[in-house]
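This report refers to the structure that appears directly beneath it.
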Amino acid sequence: MRTIAEFEAAARERLDPAHYDYFAGGAQDEITLAENESAFRKLRLLPRVLRGSDKRDLSVELLGTSSSMPILIAPTAFHRLAHADGELATARAAARAGTIMVVSMAATTAIEDVAAAAREVAPDPGLWFQLYLQPDLEFTEAIVRRAEAAGVKAFVVTVDSPVLGRRERDDRNDFHDLPPGFAVENLRNIGENRSGGNASHVRDIVMSAGLNWDHIAWLRGKTKLPVLIKGVLHAEDARLAVHHGIAGIFVSNHGGRQLDTAPATIDVLPGIATAVGGAIPVLVDGGIRRGTDVVKALALGADAVAVGRPIVWGLAAGGREGVTQVLELLREDFDQALALCGGRHPADLTPDQVRR
Ligand SMILES: Cc1cc2nc3c(=O)[nH]c(=O)nc-3n(C[C@H](O)[C@H](O)[C@H](O)COP(=O)(O)O)c2cc1C
């Protein structure tokens, strides 16, 4: 398969239609979902020439974690619904590719097992852990300790979900709970037997609309690892993130699954990059399907990008091998686009190379 669209078609054939809709869908009219991709298509790339762009080096270093390319795996929930090997397959493929996997707190595999699978492939895998801060801070702290003990290298706190977005495909399919035999393993109550546990002992993720900067400060006080926030769209919030000592931000609208009619991430990225002024890394996700999309995001100020659905499509289409193929497809596509733009390294791309 040569494109992400082909992987999506293959995944769709294999998946239960309700699960396909869960992975593919967005909030309400799916305006933001569609625009994340269409906004990239509206941008034009202006190549530079004669810059000696052989021997390209795609690697980046982000907050102490190195990555073989500036294309990361965004946190997505429920990988075992896509493929029986679930997050274990994704983690092995990420480790093989040498890229960073942001493991969802809503994974259907425990973080300890995900980390062990990644370590089978690479001695020092780049795993970050996505957190929804739970109102029960003691329980949240226990999850933080588990993730730290498993060896994650950063925490990514998702801040765009004070309440859950209204996903009408899921309503139509009556898909609101994991099927029997699946659970959000990172929320299994501490002290319970993981292997023999009963799904009813796994807590539900609570979206908490009461979150504020004090909670982020609380988390920073509980861990020495870098704390990033994910779901920033307003330049003022990016400025506040720097002010509050946040290690990095993800410009994200949650893949169009939370606030519908929020802008495409690539459209707000330049303003946020200006507001941050290089003080902390800026990552962006949403609608990245081609190497040229990666080039546009980097040129407009991102230090790296992350992809959500493409990874799920690779996983559903072919397990670990499918995720590997998606990652290598994106790597080659990006490398070629970088060369065509006259760059040798991700940092060579500049905003003047993108035109509306
Ligand atoms: C099926 C699915 C599940 C997701 N689960 C999470 C999650 O558990 N935590 C989170 O922070 N973001 C989650 N996201 C959002 C992704 O991290 C990311 O922001 C988004 O998928 C990027 O857009 P893309 O799918 O167009 O690449 C999810 C997205 C999808 C599609």
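Residue numbers start at 1 in each chain; chains themselves are named A, B, ... in the order of the structure tokens; ligands are numbered from 1 in the order shown.
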
Inset, instruction - Using only C-alpha atoms and all ligand atoms, find each residue with an atom at most 8 Å away from ligand 1 and format the answer as a VMD selection string. - result: chain A and resid 22 to 26 33 36 to 37 74 to 78 104 to 107 130 to 132 156 to 158 230 to 231 252 to 257 285 to 289 306 to 310 312

Non-local contacts of Arg220 (chain A) (12 Å; only C-alpha atoms; under 6 positions in same chain excluded) as an mmCIF file with C-alpha atoms, in the first residue's frame:
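Once written, selection.cif looks like this:
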data_model
loop_
_atom_site.group_PDB
_atom_site.id
_atom_site.type_symbol
_atom_site.label_atom_id
_atom_site.label_comp_id
_atom_site.auth_asym_id
_atom_site.auth_seq_id
_atom_site.Cartn_x
_atom_site.Cartn_y
_atom_site.Cartn_z
ATOM 1 C CA GLU A 141 -0.654 10.051 41.312
ATOM 2 C CA VAL A 144 1.862 8.596 37.359
ATOM 3 C CA ALA A 154 7.444 12.455 29.644
ATOM 4 C CA PHE A 155 3.829 13.116 30.530
ATOM 5 C CA VAL A 156 1.403 14.636 28.046
ATOM 6 C CA VAL A 157 -1.650 16.059 29.790
ATOM 7 C CA TRP A 213 -3.283 25.599 35.863
ATOM 8 C CA ASP A 214 -3.007 24.683 39.560
ATOM 9 C CA PRO A 226 8.832 16.799 31.514
ATOM 10 C CA VAL A 227 5.139 17.715 31.514
ATOM 11 C CA LEU A 228 3.603 18.764 28.191
ATOM 12 C CA ILE A 229 0.039 19.852 27.561
ATOM 13 C CA HIS A 244 3.651 28.171 33.931
ATOM 14 C CA GLY A 245 6.832 26.269 33.144
ATOM 15 C CA ILE A 246 5.273 23.669 30.845
ATOM 16 C CA ALA A 247 7.946 21.681 28.995
#

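From CA of Val242 (chain A) back to CA of Ile143 (chain A), the distance works out to 25.3 Å.
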
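Backbone DSSP over region 124-161 of chain A yields strand (DSSP E) at Leu127, Trp128, Phe129, Gln130, Leu131, Phe155, Val156, Val157 and Thr158 of chain A.
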
Legend entry - Near-Val326 (chain A) list (8 Å; only C-alpha atoms; drop same-chain fewer than 3 positions) as an NGL selection string: :A and (4 or 7 or 310-311 or 314 or 322-323 or 329-330)

Inset, instruction - as a PyMOL selection string, please: all residues of region 96-246 of chain A that backbone DSSP puts in alpha helix (DSSP H). - result: chain A and resi 96-97+111-121+137-150+168-173+213-222+235-243

Just write the chosen residues, N, CA and C atoms, as a compact mmCIF listing (two decimals), in the first residue's frame.
# COMPACT_ATOMS: atom_id res chain seq x y z
N ARG A 96 10.89 -0.09 16.80
CA ARG A 96 11.65 -0.47 15.61
C ARG A 96 11.96 0.75 14.74
N ALA A 97 10.98 1.65 14.63
CA ALA A 97 11.16 2.85 13.80
C ALA A 97 12.01 3.91 14.52
N ILE A 111 0.43 -0.15 30.84
CA ILE A 111 1.66 0.55 30.44
C ILE A 111 2.90 -0.31 30.70
N GLU A 112 2.87 -1.11 31.75
CA GLU A 112 4.03 -1.98 32.04
C GLU A 112 4.26 -2.96 30.88
N ASP A 113 3.17 -3.50 30.34
CA ASP A 113 3.27 -4.48 29.25
C ASP A 113 3.67 -3.80 27.94
N VAL A 114 3.16 -2.59 27.73
CA VAL A 114 3.52 -1.82 26.53
C VAL A 114 5.03 -1.54 26.54
N ALA A 115 5.52 -1.10 27.70
CA ALA A 115 6.95 -0.78 27.81
C ALA A 115 7.81 -2.02 27.63
N ALA A 116 7.37 -3.15 28.18
CA ALA A 116 8.14 -4.40 28.03
C ALA A 116 8.21 -4.81 26.56
N ALA A 117 7.09 -4.66 25.84
CA ALA A 117 7.08 -5.02 24.41
C ALA A 117 8.04 -4.13 23.62
N ALA A 118 8.02 -2.83 23.93
CA ALA A 118 8.92 -1.90 23.22
C ALA A 118 10.38 -2.26 23.50
N ARG A 119 10.65 -2.64 24.74
CA ARG A 119 12.03 -2.97 25.14
C ARG A 119 12.53 -4.27 24.51
N GLU A 120 11.62 -5.13 24.09
CA GLU A 120 12.06 -6.33 23.36
C GLU A 120 12.73 -5.93 22.05
N VAL A 121 12.32 -4.78 21.53
CA VAL A 121 12.78 -4.36 20.20
C VAL A 121 13.93 -3.36 20.28
N LEU A 137 -7.02 12.92 42.84
CA LEU A 137 -5.60 13.17 42.59
C LEU A 137 -4.71 12.05 43.12
N GLU A 138 -5.17 11.42 44.19
CA GLU A 138 -4.39 10.30 44.73
C GLU A 138 -4.31 9.16 43.70
N PHE A 139 -5.43 8.91 43.06
CA PHE A 139 -5.48 7.87 42.03
C PHE A 139 -4.62 8.30 40.82
N THR A 140 -4.72 9.58 40.47
CA THR A 140 -3.90 10.10 39.37
C THR A 140 -2.43 9.90 39.69
N GLU A 141 -2.06 10.20 40.92
CA GLU A 141 -0.65 10.05 41.31
C GLU A 141 -0.21 8.59 41.21
N ALA A 142 -1.09 7.69 41.55
CA ALA A 142 -0.76 6.26 41.44
C ALA A 142 -0.50 5.87 39.99
N ILE A 143 -1.28 6.44 39.07
CA ILE A 143 -1.05 6.16 37.64
C ILE A 143 0.29 6.75 37.20
N VAL A 144 0.57 7.95 37.67
CA VAL A 144 1.86 8.60 37.36
C VAL A 144 3.02 7.71 37.83
N ARG A 145 2.90 7.18 39.03
CA ARG A 145 3.98 6.33 39.58
C ARG A 145 4.14 5.05 38.73
N ARG A 146 3.01 4.48 38.33
CA ARG A 146 3.07 3.27 37.48
C ARG A 146 3.78 3.58 36.18
N ALA A 147 3.42 4.68 35.55
CA ALA A 147 4.01 5.03 34.25
C ALA A 147 5.51 5.32 34.41
N GLU A 148 5.85 6.02 35.48
CA GLU A 148 7.27 6.31 35.73
C GLU A 148 8.04 5.01 35.93
N ALA A 149 7.48 4.13 36.73
CA ALA A 149 8.16 2.86 37.01
C ALA A 149 8.32 2.03 35.73
N ALA A 150 7.37 2.19 34.80
CA ALA A 150 7.45 1.46 33.53
C ALA A 150 8.51 2.06 32.61
N GLU A 168 -21.46 11.77 17.18
CA GLU A 168 -22.79 11.27 16.83
C GLU A 168 -22.75 9.90 16.15
N ARG A 169 -21.61 9.59 15.52
CA ARG A 169 -21.53 8.24 14.96
C ARG A 169 -21.62 7.21 16.09
N ASP A 170 -20.92 7.50 17.20
CA ASP A 170 -20.95 6.56 18.33
C ASP A 170 -22.35 6.47 18.93
N ASP A 171 -23.04 7.61 18.96
CA ASP A 171 -24.43 7.59 19.47
C ASP A 171 -25.29 6.70 18.58
N ARG A 172 -25.14 6.91 17.27
CA ARG A 172 -25.94 6.13 16.32
C ARG A 172 -25.66 4.64 16.45
N ASN A 173 -24.39 4.30 16.66
CA ASN A 173 -24.00 2.88 16.77
C ASN A 173 -24.16 2.34 18.18
N TRP A 213 -4.76 25.62 35.86
CA TRP A 213 -3.28 25.60 35.86
C TRP A 213 -2.73 25.06 37.18
N ASP A 214 -3.49 25.20 38.26
CA ASP A 214 -3.01 24.68 39.56
C ASP A 214 -2.83 23.16 39.51
N HIS A 215 -3.71 22.50 38.76
CA HIS A 215 -3.58 21.04 38.66
C HIS A 215 -2.31 20.65 37.92
N ILE A 216 -1.97 21.46 36.92
CA ILE A 216 -0.75 21.18 36.16
C ILE A 216 0.45 21.41 37.09
N ALA A 217 0.37 22.47 37.89
CA ALA A 217 1.45 22.75 38.85
C ALA A 217 1.56 21.58 39.84
N TRP A 218 0.41 21.07 40.26
CA TRP A 218 0.40 19.90 41.16
C TRP A 218 1.17 18.74 40.52
N LEU A 219 0.86 18.45 39.26
CA LEU A 219 1.53 17.34 38.59
C LEU A 219 3.03 17.60 38.48
N ARG A 220 3.40 18.83 38.14
CA ARG A 220 4.83 19.16 38.02
C ARG A 220 5.55 18.95 39.35
N GLY A 221 4.81 19.14 40.44
CA GLY A 221 5.39 18.90 41.77
C GLY A 221 5.52 17.42 42.11
N LYS A 222 4.83 16.58 41.34
CA LYS A 222 4.82 15.14 41.65
C LYS A 222 5.79 14.34 40.79
N ALA A 235 -3.32 31.25 21.09
CA ALA A 235 -1.94 31.71 21.33
C ALA A 235 -1.74 32.15 22.78
N GLU A 236 -2.79 32.71 23.38
CA GLU A 236 -2.65 33.16 24.77
C GLU A 236 -2.41 31.97 25.71
N ASP A 237 -3.06 30.85 25.43
CA ASP A 237 -2.83 29.65 26.25
C ASP A 237 -1.40 29.13 26.05
N ALA A 238 -0.88 29.29 24.85
CA ALA A 238 0.51 28.88 24.61
C ALA A 238 1.45 29.75 25.43
N ARG A 239 1.16 31.05 25.46
CA ARG A 239 1.98 31.97 26.28
C ARG A 239 1.90 31.58 27.75
N LEU A 240 0.67 31.27 28.20
CA LEU A 240 0.49 30.88 29.62
C LEU A 240 1.25 29.59 29.91
N ALA A 241 1.27 28.68 28.95
CA ALA A 241 1.99 27.41 29.15
C ALA A 241 3.47 27.69 29.41
N VAL A 242 4.04 28.60 28.64
CA VAL A 242 5.45 28.96 28.85
C VAL A 242 5.58 29.60 30.24
N HIS A 243 4.68 30.50 30.55
CA HIS A 243 4.70 31.19 31.84
C HIS A 243 4.63 30.20 33.02

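Minimum atom-to-atom distances from A:Val184, A:Ile71, A:Val163, A:Leu127 to Thr90 (chain A) were compared using only C-alpha atoms, and the lowest value belongs to A:Leu127.
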
Inset, instruction - Would you list the contacts of Glu35 (chain A) as number ranges by chain, taking every protein, DNA or RNA residue within 10 Å and counting only C-alpha atoms, but skipping same-chain residues closer than 4 positions in sequence? - result: A: 30-31, 39-41, 255-256, 261-267, 286-287

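Near Ile100 (chain A), within a cut-off of 7 Å and counting only C-alpha atoms, sit the residues A:Ser67, A:Leu72, A:Ile73, A:Ala94, A:Gly126, A:Leu127, with same-chain residues fewer than 6 positions away left out.
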
Inset, instruction - Identify which of the residues A:His19, A:Lys42, A:Arg14, A:Arg51 lies closest to Gly342 (chain A), counting only C-alpha atoms when measuring atom-to-atom distances. - result: A:Arg51
